[in-house]
Amino acid sequence: MELAGKVRSVLDDQALMQALNSTPVVDGRRQDLWRDDHEVDGWAREHGGLGGDEERLWLRTARDALQAVESDTPAEPRLRRVLAGVRKVPQPSASGIEWHLEVPPERRLAVELVLAWADVKERMPGRLRPCENPECRLFLLDRSRANTARWCSMKTCGNRLKARRHQARARETPHPE
């Protein structure tokens, strides 16, 4: 019988990335896709949530804290607030011990979002990071073998930055007359 186990989030890497990338920059202006209550409720219901004011508040708090942490901005107090009072409780099962969360229903999805982030950080250390385009607010999960991905999208941010560097080099290079 297995005596140890982990609480695994029902949220996967894709759900985590959707949450982290819900504040893109469009035409030079930061957008918050979760500002619209219907958008957050839709995401929540798609991932087993209830929707509603309290769940939205907790999801936005968790998302903002995780974005801050991944952007090297202190966010520990916000993460502590999301996780306050959450308990991991063992329950026997046919396969051993299963761990279940004790958390108020309106906070469950926010806690699972933090757990999904923690799981990615453990399974894929150094692979979750912000896009290197300073004008972008998106994050990437680098699945490349060499762990060298730099942009959320080569098509958008990567090409833009490469074109800017090329133009800068062309301006700096003296032209023969």
# chains A, B, ... in the order shown; residues from 1 in each chain; ligands from 1
$ select_by_dssp --residues "segment 15-151 of chain A" --states "strand (DSSP E or B)" --output "list in words"
Val25, Val26, Arg29, Arg30, Arg87, Lys88, Val89, Pro90, Gln91, Pro92, Ser93, Gly96, Ile97, Glu98, Trp99, His100, Leu101, Glu102, Leu128, Arg129, Pro130, Phe139, Leu140 and Leu141 of chain A
$ select_by_dssp --residues "chain A" --states "alpha helix (DSSP H)" --output "MDAnalysis selection string"
chainID A and resid 13:20 37:46 53:70 76:83 105:123 159:172
$ residues_around --residues "Gln31 of chain A" --least-positions-apart "4" --cutoff "12 Å" --atoms "only C-alpha atoms" --output "number ranges by chain"
A: 21-27, 35-36, 136-138
$ closest_residue --among "A:Met17, A:Leu11, A:Ala84, A:Leu128" --to "Val69 of chain A" --atoms "only C-alpha atoms"
A:Leu128
$ closest_atom_pairs --of "segment 63-177 of chain A" --to "segment 38-56 of chain A" --cutoff "10 Å" --atoms "only C-alpha atoms" --output "JSON lines"
{"residue": "A:Pro104", "atom": "CA", "partner": "A:Glu55", "partner_atom": "CA", "distance": 9.9}
{"residue": "A:Pro105", "atom": "CA", "partner": "A:Glu55", "partner_atom": "CA", "distance": 8.1}
{"residue": "A:Glu106", "atom": "CA", "partner": "A:Glu55", "partner_atom": "CA", "distance": 4.5}
{"residue": "A:Arg107", "atom": "CA", "partner": "A:Glu55", "partner_atom": "CA", "distance": 5.9}
{"residue": "A:Arg108", "atom": "CA", "partner": "A:Gly49", "partner_atom": "CA", "distance": 7.9}
{"residue": "A:Leu109", "atom": "CA", "partner": "A:Gly49", "partner_atom": "CA", "distance": 6.2}
{"residue": "A:Ala110", "atom": "CA", "partner": "A:Glu55", "partner_atom": "CA", "distance": 7.6}
$ closest_residue --among "A:Met154, A:Leu66, A:Ala19, A:Leu33" --to "Glu132 of chain A" --atoms "only C-alpha atoms"
A:Met154
$ residues_around --residues "Asp13 of chain A" --least-positions-apart "4" --cutoff "9 Å" --atoms "only C-alpha atoms" --output "PyMOL selection string"
chain A and resi 17-18+116-117+119-120+141
$ closest_residue --among "A:Glu172, A:Ser153, A:Glu70, A:Ile97" --to "Arg127 of chain A" --atoms "only C-alpha atoms"
A:Glu70
$ residues_around --residues "segment 72-80 of chain A" --least-positions-apart "6" --cutoff "8 Å" --atoms "only C-alpha atoms" --output "MDAnalysis selection string"
chainID A and resid 61:62 65:66 114
$ write_last_selection --atoms "N, CA, C and O atoms" --output "PDB file, in the first residue's frame"
ATOM      1  N   THR A  61      -7.033  37.093  -8.179  1.00  0.00           N
ATOM      2  CA  THR A  61      -5.966  37.253  -7.186  1.00  0.00           C
ATOM      3  C   THR A  61      -4.855  36.236  -7.437  1.00  0.00           C
ATOM      4  O   THR A  61      -3.671  36.588  -7.434  1.00  0.00           O
ATOM      5  N   ALA A  62      -5.227  34.989  -7.658  1.00  0.00           N
ATOM      6  CA  ALA A  62      -4.230  33.940  -7.908  1.00  0.00           C
ATOM      7  C   ALA A  62      -3.477  34.219  -9.206  1.00  0.00           C
ATOM      8  O   ALA A  62      -2.241  34.132  -9.254  1.00  0.00           O
ATOM      9  N   ALA A  65      -1.055  37.136  -8.766  1.00  0.00           N
ATOM     10  CA  ALA A  65       0.084  36.740  -7.928  1.00  0.00           C
ATOM     11  C   ALA A  65       1.062  35.880  -8.719  1.00  0.00           C
ATOM     12  O   ALA A  65       2.280  36.084  -8.644  1.00  0.00           O
ATOM     13  N   LEU A  66       0.552  34.931  -9.490  1.00  0.00           N
ATOM     14  CA  LEU A  66       1.432  34.062 -10.271  1.00  0.00           C
ATOM     15  C   LEU A  66       2.149  34.842 -11.373  1.00  0.00           C
ATOM     16  O   LEU A  66       3.342  34.617 -11.625  1.00  0.00           O
ATOM     17  N   VAL A 114      -2.853  27.657  -8.416  1.00  0.00           N
ATOM     18  CA  VAL A 114      -1.551  27.761  -7.752  1.00  0.00           C
ATOM     19  C   VAL A 114      -0.866  26.392  -7.716  1.00  0.00           C
ATOM     20  O   VAL A 114       0.341  26.286  -7.949  1.00  0.00           O
TER      21      VAL A 114
END
$ closest_residue --among "A:Leu20, A:Leu83, A:Val111, A:Arg29" --to "Asp64 of chain A" --atoms "only C-alpha atoms"
A:Leu20
